[in-house]
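Worksheet: one structure, shown below.
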Amino acid sequence: LRVVDVGDVVMPPGYVEESLELIIAAVERVARSGVVPVVLGGDHTVTFADATAIARVRGNGTFALIHFDAHPDTGEHHHGMLYGHGTPMRRLIESGAVPGHRFAQIGLRGYWPPPDVMAWMEEQRMRTYPMRDIVERGLDDVLDDAIASATDGAEGVFLSVDIDVVDPSAAPATGTPEPGGLTARQVLDAVNRIGREVEVVGADVVEVAPVYDAPADITARLANRVVLELLDGMARRRRG
């Protein structure tokens with residue numbers, strides 16, 4: 001693979017919707033050039049922009065989204081706002097960019113969402129794999145299901161990794177840590193496998209908060225390795 005750093009998207013502080021449009025334009029420009037965009041977050045709000053850009057290039061509903069996270073991010077509102085880090089997957093479904101049946105969410109846990117949001121997710125036919133499934137069945141088995149369901153009829157996969165899918169012992173520097181998550185080794189192996197086995201059309205790694213990452217920057221180091229493992233898997237796929 002050839003990898004190019006195209007730099008940052010400069011966004012006006014406090015203007016969320018305008019910032020999302022700037023991200024969409026930047027990611028769309030990269031995708032239209034034939035390059036696979038890999039975006040380093042921000043909070044998870046940016047996934048709405050990242051996947052929307054891919055949909056503008058490839059068409060709505062043409063690709064799946066595999067989402068590693070402690071939370072499904074399907075809230076109707078986030079503190080009264082349509083766009084926030086608790087709502088991007090709902091906005092993608094509502095816009096038609098990624099239909100619910102093309103979602104596979106891995107690693108969910110904690111005390112959110114409430115029953116009404118869970119009911120909405122079921123109506124959209126979203127596939128969810130909470131940590132209890134991973135514990136009982138094993139991560140490989142869950143990935144078998146997730147990859148099969150997400151790629152059934154899809155032309156590729158957008159991969160979104162919220163670093164809080166990992167247990168806070170290995171990724172403490174994030175805004176909403178949840179105990180009982182994946183190990184660092186598990187997420188690295190899973191991302192590498194996805195890169196090897198499916199056509200990745202875009203990706204992002206989000207929710208790393210460097211200000212909380214003392215000592216030793218272990219969360220940032222893990223996020224860096226997530227990207228490298230994905231690129232390694234993609235390179236192995238291209239080599240056959």
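Residues in the structure tokens are numbered from 1 in each chain, the chains being A, B, ... in the order shown, and ligands are numbered from 1 in the order shown.
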
Report as a Markdown table: every residue of region 173-212 of chain A with an atom at most 10 Å from region 37-46 of chain A, its closest pair of atoms, and their distance in Å to one decimal, counting only C-alpha atoms, with rows sorted by chain and ascending residue number.
```
| residue | atom | partner | partner_atom | distance |
| --- | --- | --- | --- | --- |
| A:Thr174 | CA | A:Asp43 | CA | 9.2 |
| A:Gly175 | CA | A:Asp43 | CA | 8.5 |
| A:Val200 | CA | A:Pro37 | CA | 9.6 |
| A:Val201 | CA | A:Pro37 | CA | 7.5 |
| A:Gly202 | CA | A:Pro37 | CA | 5.1 |
| A:Ala203 | CA | A:Val38 | CA | 4.7 |
| A:Asp204 | CA | A:Val39 | CA | 4.4 |
| A:Val205 | CA | A:Leu40 | CA | 5.2 |
| A:Val206 | CA | A:Gly41 | CA | 4.2 |
| A:Glu207 | CA | A:Asp43 | CA | 4.6 |
| A:Val208 | CA | A:Gly41 | CA | 7.4 |
| A:Ala209 | CA | A:Gly42 | CA | 8.5 |
```

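Across region 68-109 of chain A, DSSP run on the backbone finds strand (DSSP E or B) at A:Phe68, A:His78, A:Met81, A:Phe103, A:Ala104, A:Gln105, A:Ile106, A:Gly107, A:Leu108.
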
Using only C-alpha atoms, tabulate the residues of region 65-101 of chain A lying at most 8 Å from any atom of region 112-130 of chain A, each with its closest atom pair and that distance in Å to one decimal, by chain and increasing residue number, as a Markdown table.
```
| residue | atom | partner | partner_atom | distance |
| --- | --- | --- | --- | --- |
| A:His71 | CA | A:Trp112 | CA | 7.0 |
| A:Pro72 | CA | A:Pro113 | CA | 7.6 |
| A:Thr74 | CA | A:Val117 | CA | 7.0 |
| A:Gly75 | CA | A:Val117 | CA | 6.6 |
| A:Glu76 | CA | A:Val117 | CA | 7.8 |
| A:Pro99 | CA | A:Gln124 | CA | 7.6 |
| A:Gly100 | CA | A:Gln124 | CA | 4.7 |
| A:His101 | CA | A:Arg125 | CA | 4.8 |
```

Report task. Run DSSP on the backbone and give me the residues of region 17-221 of chain A it puts in helix (DSSP H, G or I), as an MDAnalysis selection string. Result -> chainID A and resid 17:32 46:58 88:95 100:102 115:123 131:137 139:151 163:165 184:197 210:212 218:221

Query raised in the report: For the atom pair CA of Glu229 (chain A) and CA of Glu197 (chain A), what is the interatomic distance in Å to one decimal place?
Result: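 It comes out at 13.0 Å.
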
Query - Selection near Ile147 (chain A), 12 Å with only C-alpha atoms, sequence-local residues under 4 positions removed, as a ChimeraX atom specification - result: /A:64-67,102-106,127,129,139-143,151-154,156-159,190-191,193-200

Query raised in the report: Which neighbours of His78 (chain A) fall inside 12 Å, counting only C-alpha atoms, when residues of the same chain fewer than 5 positions from it are skipped, and could you give them as a ChimeraX atom specification?
Result: /A:44-45,73,83-88,90-91

For Val9 (chain A), work out the shell of residues within 9 Å, counting only C-alpha atoms and skipping chain neighbours fewer than 5 positions away, then give it as a PDB file with C-alpha atoms, in the first residue's frame.
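Output saved as around32.pdb:
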```pdb
ATOM      1  CA  SER A  19     -17.948  21.343  10.422  1.00  0.00           C
ATOM      2  CA  LEU A  22     -16.351  20.393   5.689  1.00  0.00           C
ATOM      3  CA  ILE A  23     -15.484  16.814   6.698  1.00  0.00           C
ATOM      4  CA  ALA A  26     -12.724  16.473   2.387  1.00  0.00           C
TER       5      ALA A  26
END
```
